[in-house]
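> Please find start-v5.cif (mmCIF, C-alpha atoms) on the next line:
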```cif
data_structure
#
loop_
_atom_site.label_atom_id
_atom_site.label_comp_id
_atom_site.auth_asym_id
_atom_site.auth_seq_id
_atom_site.Cartn_x
_atom_site.Cartn_y
_atom_site.Cartn_z
CA MET A 18 -21.72 32.97 -19.08
CA ARG A 19 -21.07 29.31 -18.34
CA TYR A 20 -23.35 26.59 -19.69
CA ALA A 21 -23.65 22.85 -19.04
CA ALA A 22 -25.04 20.40 -21.58
CA GLY A 23 -25.97 16.72 -21.59
CA ILE A 24 -24.91 14.89 -24.74
CA GLU A 25 -25.98 11.51 -26.11
CA TYR A 26 -23.85 9.84 -28.76
CA ASP A 27 -23.28 6.68 -30.72
CA GLY A 28 -19.52 6.19 -30.69
CA SER A 29 -19.43 3.87 -33.71
CA ASP A 30 -18.28 6.52 -36.19
CA PHE A 31 -15.84 8.31 -33.91
CA LEU A 32 -12.30 7.75 -32.65
CA GLY A 33 -13.52 8.55 -29.17
CA TRP A 34 -14.50 11.76 -27.39
CA GLN A 35 -11.23 13.69 -27.50
CA ARG A 36 -10.47 16.05 -30.35
CA LEU A 37 -7.88 14.59 -32.73
CA SER A 38 -5.93 15.82 -35.76
CA HIS A 39 -6.27 12.54 -37.68
CA GLY A 40 -9.92 11.51 -37.40
CA ALA A 41 -13.47 12.22 -36.33
CA SER A 42 -14.14 12.85 -32.63
CA VAL A 43 -17.29 13.66 -30.68
CA GLN A 44 -15.63 16.69 -29.09
CA ALA A 45 -14.80 18.23 -32.46
CA ALA A 46 -18.35 17.70 -33.71
CA VAL A 47 -19.87 19.29 -30.60
CA GLU A 48 -17.48 22.25 -30.61
CA SER A 49 -18.12 22.89 -34.30
CA ALA A 50 -21.90 22.90 -33.80
CA LEU A 51 -21.83 25.13 -30.70
CA SER A 52 -19.32 27.51 -32.28
CA PHE A 53 -21.68 27.94 -35.24
CA VAL A 54 -24.54 28.86 -32.90
CA ALA A 55 -22.33 31.21 -30.85
CA ASP A 56 -20.77 32.74 -33.97
CA HIS A 57 -17.37 32.46 -32.34
CA PRO A 58 -14.94 29.59 -31.62
CA LEU A 59 -15.47 27.80 -28.32
CA GLU A 60 -14.18 24.74 -26.52
CA VAL A 61 -16.02 22.28 -24.30
CA THR A 62 -14.77 20.35 -21.27
CA CYS A 63 -16.29 16.92 -20.64
CA ALA A 64 -16.96 14.85 -17.52
CA GLY A 65 -15.04 11.83 -18.80
CA ARG A 66 -13.39 10.91 -22.08
CA THR A 67 -14.56 7.83 -23.96
CA ASP A 68 -12.63 5.65 -26.40
CA THR A 69 -13.25 4.65 -30.00
CA ALA A 70 -16.70 3.05 -30.51
CA VAL A 71 -17.78 3.68 -26.89
CA HIS A 72 -21.21 5.29 -26.52
CA ALA A 73 -22.64 7.80 -24.04
CA ARG A 74 -26.16 8.18 -22.73
CA CYS A 75 -25.49 11.49 -20.99
CA GLN A 76 -22.00 12.89 -21.32
CA VAL A 77 -21.86 16.26 -19.56
CA VAL A 78 -19.82 19.22 -20.79
CA HIS A 79 -19.41 22.86 -19.89
CA PHE A 80 -18.44 25.82 -22.03
CA ASP A 81 -18.29 29.62 -21.76
CA SER A 82 -19.87 32.10 -24.15
CA ALA A 83 -21.07 35.71 -24.05
CA ALA A 84 -23.34 35.11 -27.06
CA ALA A 85 -26.96 36.17 -26.42
CA ARG A 86 -28.78 32.90 -27.12
CA SER A 87 -31.73 31.28 -25.38
CA GLU A 88 -31.43 27.75 -24.03
CA ARG A 89 -33.77 26.64 -26.80
CA GLY A 90 -31.67 28.47 -29.36
CA TRP A 91 -28.49 26.76 -28.22
CA LEU A 92 -30.15 23.35 -28.16
CA LEU A 93 -31.97 23.43 -31.49
CA GLY A 94 -29.21 25.30 -33.27
CA ALA A 95 -26.49 22.88 -32.17
CA ASN A 96 -28.57 19.79 -32.93
CA SER A 97 -29.25 21.06 -36.44
CA ARG A 98 -25.48 21.07 -37.05
CA LEU A 99 -24.55 17.80 -35.34
CA PRO A 100 -24.19 14.45 -37.16
CA ALA A 101 -27.00 11.93 -36.72
CA GLY A 102 -25.06 9.99 -34.08
CA VAL A 103 -24.76 12.94 -31.66
CA CYS A 104 -27.38 15.13 -29.97
CA LEU A 105 -27.61 17.61 -27.14
CA ARG A 106 -30.33 16.36 -24.80
CA TRP A 107 -30.41 19.44 -22.57
CA LEU A 108 -28.53 22.67 -21.97
CA GLN A 109 -28.71 25.23 -19.17
CA PRO A 110 -26.76 28.07 -17.56
CA VAL A 111 -24.69 27.08 -14.52
CA ALA A 112 -22.65 28.79 -11.83
CA ASP A 113 -19.21 30.00 -12.84
CA ASP A 114 -17.57 27.49 -10.50
CA PHE A 115 -19.19 24.49 -12.22
CA HIS A 116 -16.63 22.24 -13.93
CA ALA A 117 -17.85 19.22 -15.85
CA ARG A 118 -14.83 17.14 -14.87
CA TYR A 119 -13.73 18.33 -11.45
CA ALA A 120 -17.18 18.92 -9.97
CA ALA A 121 -18.31 15.36 -10.75
CA THR A 122 -18.53 13.17 -7.65
CA ALA A 123 -18.97 9.90 -9.58
CA ARG A 124 -19.13 8.36 -13.05
CA ARG A 125 -21.29 5.46 -14.19
CA TYR A 126 -20.79 2.92 -16.96
CA CYS A 127 -22.86 0.07 -18.33
CA TYR A 128 -21.55 -2.91 -20.30
CA THR A 129 -23.96 -5.15 -22.22
CA ILE A 130 -23.23 -8.71 -23.35
CA LEU A 131 -25.50 -10.69 -25.64
CA ASN A 132 -25.20 -14.24 -24.32
CA ARG A 133 -26.57 -16.74 -26.81
CA ALA A 134 -25.35 -19.34 -29.26
CA VAL A 135 -25.65 -17.19 -32.39
CA ARG A 136 -24.26 -13.76 -33.17
CA PRO A 137 -26.51 -10.68 -33.24
CA ALA A 138 -27.82 -9.13 -36.43
CA ILE A 139 -29.66 -6.20 -34.82
CA GLY A 140 -28.04 -3.82 -32.34
CA ARG A 141 -24.57 -5.31 -32.73
CA ALA A 142 -22.98 -1.86 -32.41
CA TYR A 143 -24.19 -1.73 -28.80
CA LEU A 144 -23.47 -5.29 -27.68
CA THR A 145 -20.63 -7.68 -27.12
CA TRP A 146 -21.44 -11.25 -28.09
CA GLU A 147 -20.50 -14.23 -25.92
CA ARG A 148 -21.62 -17.61 -27.22
CA GLN A 149 -20.74 -19.68 -24.14
CA PRO A 150 -23.32 -19.67 -21.32
CA LEU A 151 -22.56 -17.14 -18.58
CA ASP A 152 -23.52 -17.40 -14.93
CA ALA A 153 -24.43 -13.82 -14.08
CA ALA A 154 -24.77 -14.62 -10.38
CA ARG A 155 -21.15 -15.82 -10.23
CA MET A 156 -20.01 -12.71 -12.09
CA HIS A 157 -21.92 -10.47 -9.69
CA ALA A 158 -20.45 -12.23 -6.65
CA ALA A 159 -16.93 -11.90 -8.07
CA ALA A 160 -17.39 -8.20 -8.85
CA GLN A 161 -18.18 -7.34 -5.23
CA ALA A 162 -14.45 -7.65 -4.50
CA LEU A 163 -14.01 -4.36 -6.35
CA LEU A 164 -16.06 -2.31 -3.89
CA GLY A 165 -14.17 0.34 -1.96
CA GLU A 166 -10.93 2.15 -2.70
CA HIS A 167 -8.18 0.03 -4.24
CA ASP A 168 -5.15 0.06 -6.50
CA PHE A 169 -6.67 -1.02 -9.84
CA SER A 170 -3.37 -1.65 -11.64
CA ALA A 171 -4.59 -5.14 -12.63
CA PHE A 172 -7.29 -3.49 -14.76
CA ARG A 173 -5.28 -0.56 -16.11
CA THR A 174 -3.97 -0.32 -19.66
CA VAL A 175 -0.26 0.35 -20.16
CA ALA A 176 -1.23 3.53 -22.04
CA CYS A 177 -3.05 4.97 -19.02
CA GLN A 178 -1.74 8.43 -18.12
CA ALA A 179 -3.45 8.79 -14.73
CA ARG A 180 -1.07 9.80 -11.96
CA SER A 181 -2.49 7.25 -9.50
CA PRO A 182 -3.97 3.76 -10.01
CA ASN A 183 -6.24 4.19 -6.98
CA ARG A 184 -9.98 4.49 -7.55
CA ARG A 185 -13.08 4.11 -5.37
CA VAL A 186 -15.83 1.81 -6.66
CA ASP A 187 -19.14 2.70 -5.02
CA ALA A 188 -21.41 0.11 -6.63
CA VAL A 189 -21.18 -2.73 -9.13
CA ARG A 190 -23.89 -5.09 -10.29
CA VAL A 191 -24.07 -7.90 -12.84
CA GLN A 192 -27.46 -9.27 -13.75
CA ARG A 193 -29.18 -11.18 -16.52
CA ASP A 194 -32.07 -9.79 -18.54
CA GLY A 195 -33.17 -12.52 -20.91
CA GLU A 196 -30.34 -13.14 -23.36
CA ARG A 197 -28.40 -10.14 -22.09
CA VAL A 198 -25.94 -9.96 -19.22
CA VAL A 199 -25.43 -6.40 -18.04
CA MET A 200 -22.74 -4.98 -15.76
CA GLU A 201 -23.37 -1.57 -14.16
CA ILE A 202 -20.58 0.12 -12.25
CA GLN A 203 -20.19 3.43 -10.44
CA ALA A 204 -16.91 4.89 -9.19
CA ASN A 205 -15.40 8.23 -8.34
CA ALA A 206 -13.38 7.90 -11.57
CA PHE A 207 -12.01 5.25 -13.91
CA LEU A 208 -8.61 4.37 -15.31
CA HIS A 209 -8.08 3.97 -19.05
CA HIS A 210 -9.84 0.74 -20.19
CA MET A 211 -10.66 -0.10 -16.56
CA VAL A 212 -14.27 -1.11 -17.20
CA ARG A 213 -13.45 -3.18 -20.28
CA ASN A 214 -10.60 -4.91 -18.46
CA ILE A 215 -12.89 -5.75 -15.54
CA VAL A 216 -15.45 -7.24 -17.94
CA GLY A 217 -12.69 -9.21 -19.67
CA SER A 218 -11.81 -10.76 -16.32
CA LEU A 219 -15.42 -11.40 -15.31
CA LEU A 220 -16.13 -13.44 -18.44
CA PRO A 221 -13.89 -16.39 -17.43
CA VAL A 222 -15.67 -16.40 -14.06
CA GLY A 223 -19.06 -16.43 -15.79
CA ARG A 224 -17.97 -19.30 -18.05
CA GLY A 225 -16.80 -21.29 -15.05
CA GLU A 226 -13.15 -21.21 -16.11
CA GLN A 227 -12.07 -19.28 -13.00
CA PRO A 228 -13.40 -19.29 -9.41
CA VAL A 229 -15.45 -16.43 -7.99
CA GLU A 230 -12.46 -15.44 -5.85
CA TRP A 231 -10.28 -14.85 -8.93
CA LEU A 232 -11.25 -11.21 -9.41
CA GLY A 233 -10.26 -10.36 -5.84
CA GLU A 234 -6.96 -12.17 -6.34
CA LEU A 235 -6.27 -10.18 -9.50
CA LEU A 236 -7.07 -6.93 -7.73
CA ALA A 237 -4.71 -7.76 -4.87
CA GLY A 238 -1.97 -8.92 -7.24
CA ARG A 239 -2.02 -5.66 -9.26
CA ASP A 240 -0.57 -7.47 -12.29
CA ARG A 241 -2.30 -6.62 -15.58
CA SER A 242 -0.49 -9.41 -17.43
CA VAL A 243 -2.37 -12.19 -15.60
CA ALA A 244 -5.85 -10.65 -15.79
CA GLY A 245 -8.36 -11.26 -18.55
CA PRO A 246 -8.23 -9.59 -21.97
CA THR A 247 -9.73 -6.19 -22.70
CA ALA A 248 -13.39 -6.62 -23.68
CA PRO A 249 -14.52 -5.03 -26.98
CA PRO A 250 -15.61 -1.36 -26.87
CA ASN A 251 -19.01 -1.64 -28.52
CA GLY A 252 -20.73 -3.09 -25.45
CA LEU A 253 -19.70 -0.12 -23.31
CA ALA A 254 -21.78 3.00 -22.65
CA PHE A 255 -20.97 5.94 -20.41
CA VAL A 256 -24.21 6.34 -18.47
CA GLY A 257 -23.14 9.70 -17.11
CA PRO A 258 -21.54 11.56 -14.20
CA LEU A 259 -23.13 12.70 -10.94
CA TYR A 260 -22.93 16.19 -9.44
CA PRO A 261 -23.88 17.83 -6.13
CA ALA A 262 -27.45 19.09 -5.92
CA ARG A 263 -26.32 22.70 -5.56
CA PHE A 264 -25.66 22.89 -9.32
CA ALA A 265 -29.37 22.18 -10.03
CA LEU A 266 -28.70 19.97 -13.03
CA PRO A 267 -31.26 17.45 -14.36
CA ALA A 268 -32.07 14.56 -12.00
CA GLU A 269 -30.25 11.99 -14.14
CA VAL A 270 -26.90 13.61 -13.32
CA THR A 271 -27.60 14.80 -9.77
CA GLY A 272 -26.76 12.78 -6.68
CA GLY A 273 -24.03 12.31 -4.14
CA ASP A 274 -22.02 14.98 -2.40
CA ALA A 275 -18.82 13.00 -1.97
CA PRO A 276 -15.47 14.72 -2.69
CA ALA A 277 -14.99 15.26 -6.40
CA ALA A 278 -12.59 13.02 -8.28
CA ALA A 279 -9.42 14.55 -9.67
CA GLU A 280 -9.10 12.34 -12.74
CA ASP A 281 -11.16 10.30 -15.15
CA ASP A 282 -9.43 8.50 -17.99
CA GLU A 283 -11.70 5.68 -19.23
#
```
Please lay out the structure from this file as structure tokens.

Amino acid sequence: MRYAAGIEYDGSDFLGWQRLSHGASVQAAVESALSFVADHPLEVTCAGRTDTAVHARCQVVHFDSAAARSERGWLLGANSRLPAGVCLRWLQPVADDFHARYAATARRYCYTILNRAVRPAIGRAYLTWERQPLDAARMHAAAQALLGEHDFSAFRTVACQARSPNRRVDAVRVQRDGERVVMEIQANAFLHHMVRNIVGSLLPVGRGEQPVEWLGELLAGRDRSVAGPTAPPNGLAFVGPLYPARFALPAEVTGGDAPAAAEDDE
């Protein structure tokens, strides 16, 4: 039987999602916990990999097991074996054709910047600090150039293994909430470091060092070397993927019946 699960994690203590031979990963922790409950080895497939110190509010995975366990048994059993920074929020059976990666029609990320004169003491693992005043309205206006399908080479790391630099951005918003400036972005998929590189290029716009039009010029130029630096990972959270309604997943990951994306590499 195939199952889907929604996973929340604090990426601070992990070298990213993907299983590694040289350090702690979220995938390895989840597979170890679920394998204990199943009483046999199993592997999980995720909606989108995350990097070192990047968090997730609702990563979605699927796995197959013939073990006779209730949904509650899977959930409580796995959570009892997971480290404090990882938990399964929900788990349910799904159709055999469900695939956490290929069935996703979109992915969503959120990047949070604490914008004040002094560094944070509380919550610093989930924020990036910028001491210079930021104009969120300018950043939002600049980010609208990203909407639609484009070649995002200007915001792609040299280590990116995706076959194509083209991605479709469906929505992007930058807004201020008190001392915090938050960017929310949704796309069919993301290139490696794409969100962090976009934020790194929005910051000079917000500081007034570059014009609003600069982001569009970078996008058109497709030259990573002239774009802004990669923003730190700790301000980034994977909000979660979206799936067609036919899979009957929780509302937070259901919406949009656009063609599924072939790759996700953020």
> Given the PyMOL selection byres ((chain A and resi 215) around 9) and the file above, list the residues it selects as an mmCIF file with C-alpha atoms, in the frame of the given file.

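Result file selection_26.cif:
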```cif
data_model
loop_
_atom_site.group_PDB
_atom_site.id
_atom_site.type_symbol
_atom_site.label_atom_id
_atom_site.label_comp_id
_atom_site.auth_asym_id
_atom_site.auth_seq_id
_atom_site.Cartn_x
_atom_site.Cartn_y
_atom_site.Cartn_z
ATOM 1 C CA ALA A 160 -17.390 -8.200 -8.850
ATOM 2 C CA ALA A 171 -4.590 -5.140 -12.630
ATOM 3 C CA PHE A 172 -7.290 -3.490 -14.760
ATOM 4 C CA HIS A 210 -9.840 0.740 -20.190
ATOM 5 C CA MET A 211 -10.660 -0.100 -16.560
ATOM 6 C CA VAL A 212 -14.270 -1.110 -17.200
ATOM 7 C CA ARG A 213 -13.450 -3.180 -20.280
ATOM 8 C CA ASN A 214 -10.600 -4.910 -18.460
ATOM 9 C CA VAL A 216 -15.450 -7.240 -17.940
ATOM 10 C CA GLY A 217 -12.690 -9.210 -19.670
ATOM 11 C CA SER A 218 -11.810 -10.760 -16.320
ATOM 12 C CA LEU A 219 -15.420 -11.400 -15.310
ATOM 13 C CA LEU A 220 -16.130 -13.440 -18.440
ATOM 14 C CA LEU A 232 -11.250 -11.210 -9.410
ATOM 15 C CA ALA A 244 -5.850 -10.650 -15.790
ATOM 16 C CA GLY A 245 -8.360 -11.260 -18.550
ATOM 17 C CA PRO A 246 -8.230 -9.590 -21.970
ATOM 18 C CA THR A 247 -9.730 -6.190 -22.700
ATOM 19 C CA ALA A 248 -13.390 -6.620 -23.680
#
```
> So which residues are close to (-8.1, 18.7, -28.5), meaning at most 12 Å away in the file's coordinates with all atoms listed in the file counted, and can you show them as a list in words?
Gly33, Trp34, Gln35, Arg36, Leu37, Ser38, His39, Gly40, Ala41, Ser42, Val43, Gln44, Ala45, Ala46, Val47, Glu48, Leu59, Glu60, Val61, Thr62, Cys63 and Arg66 of chain A
> Write the residues you've just listed into a file as a CSV table (one decimal), in the coordinates of the input, and include C-alpha atoms for each of them.

```csv
chain,number,residue,atom,x,y,z
A,33,GLY,CA,-13.5,8.6,-29.2
A,34,TRP,CA,-14.5,11.8,-27.4
A,35,GLN,CA,-11.2,13.7,-27.5
A,36,ARG,CA,-10.5,16.0,-30.4
A,37,LEU,CA,-7.9,14.6,-32.7
A,38,SER,CA,-5.9,15.8,-35.8
A,39,HIS,CA,-6.3,12.5,-37.7
A,40,GLY,CA,-9.9,11.5,-37.4
A,41,ALA,CA,-13.5,12.2,-36.3
A,42,SER,CA,-14.1,12.8,-32.6
A,43,VAL,CA,-17.3,13.7,-30.7
A,44,GLN,CA,-15.6,16.7,-29.1
A,45,ALA,CA,-14.8,18.2,-32.5
A,46,ALA,CA,-18.4,17.7,-33.7
A,47,VAL,CA,-19.9,19.3,-30.6
A,48,GLU,CA,-17.5,22.2,-30.6
A,59,LEU,CA,-15.5,27.8,-28.3
A,60,GLU,CA,-14.2,24.7,-26.5
A,61,VAL,CA,-16.0,22.3,-24.3
A,62,THR,CA,-14.8,20.4,-21.3
A,63,CYS,CA,-16.3,16.9,-20.6
A,66,ARG,CA,-13.4,10.9,-22.1
```
> Between A:Glu25, A:Glu234, A:Glu269, A:Asp152, which residue has the minimum interatomic distance to Phe169 (chain A), considering all atoms listed in the file?
A:Glu234
> Using all atoms listed in the file, which of the listed residues (A:Ala95, A:Ala204, A:Leu131, A:Ala159) sits closest to Phe255 (chain A)?
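Among A:Ala95, A:Ala204, A:Leu131, A:Ala159, it is A:Ala204 that comes nearest to Phe255 (chain A).
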> Let me make sure I understand: among A:Ala84, A:Arg224, A:Thr271, A:Gly252, which one has the smallest atom-to-atom distance to Gly140 (chain A) if we use all atoms listed in the file?
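Checking each candidate against Gly140 (chain A), we get A:Gly252 as the closest.
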> Mind checking which residues fall within 7 Å of region 111-121 of chain A, counting all atoms listed in the file, ignoring those fewer than 4 positions away in the same chain, and posting them as a list in words?
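Residues near the query, excluding close chain neighbours: Arg19, Tyr20, Ala21, Thr62, Cys63, Ala64, Gly65, Val77, Val78, His79, Pro258, Leu259, Tyr260, Phe264, Ala277, Ala278 and Ala279 of chain A.
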> What is the distance between CA of Tyr26 (chain A) and CA of Gly102 (chain A), in Å to one decimal?
5.5 Å
> How many Å separate CA of His57 (chain A) from CA of Pro267 (chain A)?
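Taking CA of His57 (chain A) as the start and CA of Pro267 (chain A) as the end point, the length is 27.2 Å.
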> How many Å separate CA of Leu108 (chain A) from CA of Pro58 (chain A)?
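CA of Pro58 (chain A) lies at a distance of 18.0 Å from CA of Leu108 (chain A).
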> May I have the residues within 6 Å of Gly23 (chain A) as a PyMOL selection string, using only C-alpha atoms and disregarding those fewer than 6 positions away in the same chain?
chain A and resi 75-77+105-107
> Could you tell me which residues the PyMOL selection byres ((chain A and resi 185) around 8) grabs in this file, written as a PDB file with C-alpha atoms, in the frame of the given file?

```
ATOM      1  CA  LEU A 164     -16.060  -2.310  -3.890  1.00  0.00           C
ATOM      2  CA  GLY A 165     -14.170   0.340  -1.960  1.00  0.00           C
ATOM      3  CA  GLU A 166     -10.930   2.150  -2.700  1.00  0.00           C
ATOM      4  CA  HIS A 167      -8.180   0.030  -4.240  1.00  0.00           C
ATOM      5  CA  ASN A 183      -6.240   4.190  -6.980  1.00  0.00           C
ATOM      6  CA  ARG A 184      -9.980   4.490  -7.550  1.00  0.00           C
ATOM      7  CA  VAL A 186     -15.830   1.810  -6.660  1.00  0.00           C
ATOM      8  CA  ASP A 187     -19.140   2.700  -5.020  1.00  0.00           C
ATOM      9  CA  ALA A 204     -16.910   4.890  -9.190  1.00  0.00           C
ATOM     10  CA  ASN A 205     -15.400   8.230  -8.340  1.00  0.00           C
ATOM     11  CA  ALA A 206     -13.380   7.900 -11.570  1.00  0.00           C
TER      12      ALA A 206
END
```
> Restricting the calculation to all atoms listed in the file, which member of A:Gln149, A:Ser29, A:Gln192, A:Gln109 is positioned closest to Thr67 (chain A)?
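That would be A:Ser29, the residue with the smallest distance to Thr67 (chain A).
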> With distances taken over only C-alpha atoms, which of A:Ala22, A:Asp56, A:Arg197, A:Tyr126 is nearest to Glu88 (chain A)?
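Of the candidates, the smallest distance to Glu88 (chain A) is held by A:Ala22.
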> I'd like to see the residues matched by the PyMOL selection byres ((chain A and resi 69) around 6) on this file, and ideally I'd get them as a list in words.
Phe31, Leu32, Gly33, Asp68, Ala70 and Val71 of chain A
> For each of A:Glu201, A:Asp240, A:Arg155, A:Leu208, take the minimum atom-to-atom distance to Pro182 (chain A), counting only C-alpha atoms, then give the residue where this is smallest.
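Ranked by minimum distance to Pro182 (chain A), first place goes to A:Leu208.
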> Set up a box along x, y and z of the file covering all listed atoms of region 212-227 of chain A, add 8 Å on every one of the six sides, and write the centre and edge lengths in Å to one decimal, as AutoDock Vina command-line options.

```
--center_x -14.8 --center_y -11.2 --center_z -16.6 --size_x 24.5 --size_y 36.2 --size_z 23.3
```
> May I have the residues within 10 Å of Arg86 (chain A) as a list in words, using all atoms listed in the file and disregarding those fewer than 6 positions away in the same chain?
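Neighbouring residues, sequence-local ones excluded: Val54, Ala55, Leu92 and Gly94 of chain A.
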> For Ile202 (chain A), work out the shell of residues within 7 Å, counting only C-alpha atoms and skipping chain neighbours fewer than 5 positions away, then give it as a compact mmCIF listing (two decimals) with C-alpha atoms, keeping the file's coordinate frame.

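As a result, out_18.txt now contains:
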```txt
# COMPACT_ATOMS: atom_id res chain seq x y z
CA ARG A 125 -21.29 5.46 -14.19
CA TYR A 126 -20.79 2.92 -16.96
CA CYS A 127 -22.86 0.07 -18.33
CA ALA A 188 -21.41 0.11 -6.63
CA VAL A 189 -21.18 -2.73 -9.13
CA ARG A 190 -23.89 -5.09 -10.29
```
> Add whatever atoms are absent from region 199-214 of chain A to reach N, CA and C atoms, and provide the output as an mmCIF file, in the coordinates of the input.

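File rebuild26.cif, as written:
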```
data_model
loop_
_atom_site.group_PDB
_atom_site.id
_atom_site.type_symbol
_atom_site.label_atom_id
_atom_site.label_comp_id
_atom_site.auth_asym_id
_atom_site.auth_seq_id
_atom_site.Cartn_x
_atom_site.Cartn_y
_atom_site.Cartn_z
ATOM 1 N N VAL A 199 -25.779 -7.805 -18.133
ATOM 2 C CA VAL A 199 -25.430 -6.400 -18.040
ATOM 3 C C VAL A 199 -24.635 -6.125 -16.772
ATOM 4 N N MET A 200 -23.500 -5.437 -16.918
ATOM 5 C CA MET A 200 -22.740 -4.980 -15.760
ATOM 6 C C MET A 200 -22.901 -3.469 -15.645
ATOM 7 N N GLU A 201 -23.286 -2.998 -14.452
ATOM 8 C CA GLU A 201 -23.370 -1.570 -14.160
ATOM 9 C C GLU A 201 -22.373 -1.265 -13.054
ATOM 10 N N ILE A 202 -21.612 -0.209 -13.232
ATOM 11 C CA ILE A 202 -20.580 0.120 -12.250
ATOM 12 C C ILE A 202 -20.506 1.625 -12.049
ATOM 13 N N GLN A 203 -20.339 2.025 -10.804
ATOM 14 C CA GLN A 203 -20.190 3.430 -10.440
ATOM 15 C C GLN A 203 -18.935 3.597 -9.603
ATOM 16 N N ALA A 204 -18.149 4.607 -9.923
ATOM 17 C CA ALA A 204 -16.910 4.890 -9.190
ATOM 18 C C ALA A 204 -16.660 6.386 -9.186
ATOM 19 N N ASN A 205 -15.740 6.809 -8.328
ATOM 20 C CA ASN A 205 -15.400 8.230 -8.340
ATOM 21 C C ASN A 205 -14.741 8.618 -9.657
ATOM 22 N N ALA A 206 -13.994 7.697 -10.260
ATOM 23 C CA ALA A 206 -13.380 7.900 -11.570
ATOM 24 C C ALA A 206 -12.885 6.545 -12.053
ATOM 25 N N PHE A 207 -12.461 6.500 -13.320
ATOM 26 C CA PHE A 207 -12.010 5.250 -13.910
ATOM 27 C C PHE A 207 -10.676 5.434 -14.609
ATOM 28 N N LEU A 208 -9.854 4.400 -14.556
ATOM 29 C CA LEU A 208 -8.610 4.370 -15.310
ATOM 30 C C LEU A 208 -8.909 4.031 -16.762
ATOM 31 N N HIS A 209 -7.924 4.272 -17.630
ATOM 32 C CA HIS A 209 -8.080 3.970 -19.050
ATOM 33 C C HIS A 209 -8.319 2.462 -19.251
ATOM 34 N N HIS A 210 -9.433 2.121 -19.907
ATOM 35 C CA HIS A 210 -9.840 0.740 -20.190
ATOM 36 C C HIS A 210 -10.231 -0.046 -18.935
ATOM 37 N N MET A 211 -10.389 0.620 -17.811
ATOM 38 C CA MET A 211 -10.660 -0.100 -16.560
ATOM 39 C C MET A 211 -11.935 -0.931 -16.634
ATOM 40 N N VAL A 212 -13.019 -0.364 -17.155
ATOM 41 C CA VAL A 212 -14.270 -1.110 -17.200
ATOM 42 C C VAL A 212 -14.149 -2.303 -18.152
ATOM 43 N N ARG A 213 -13.586 -2.095 -19.305
ATOM 44 C CA ARG A 213 -13.450 -3.180 -20.280
ATOM 45 C C ARG A 213 -12.515 -4.276 -19.776
ATOM 46 N N ASN A 214 -11.497 -3.897 -19.021
ATOM 47 C CA ASN A 214 -10.600 -4.910 -18.460
ATOM 48 C C ASN A 214 -11.271 -5.694 -17.337
#
```
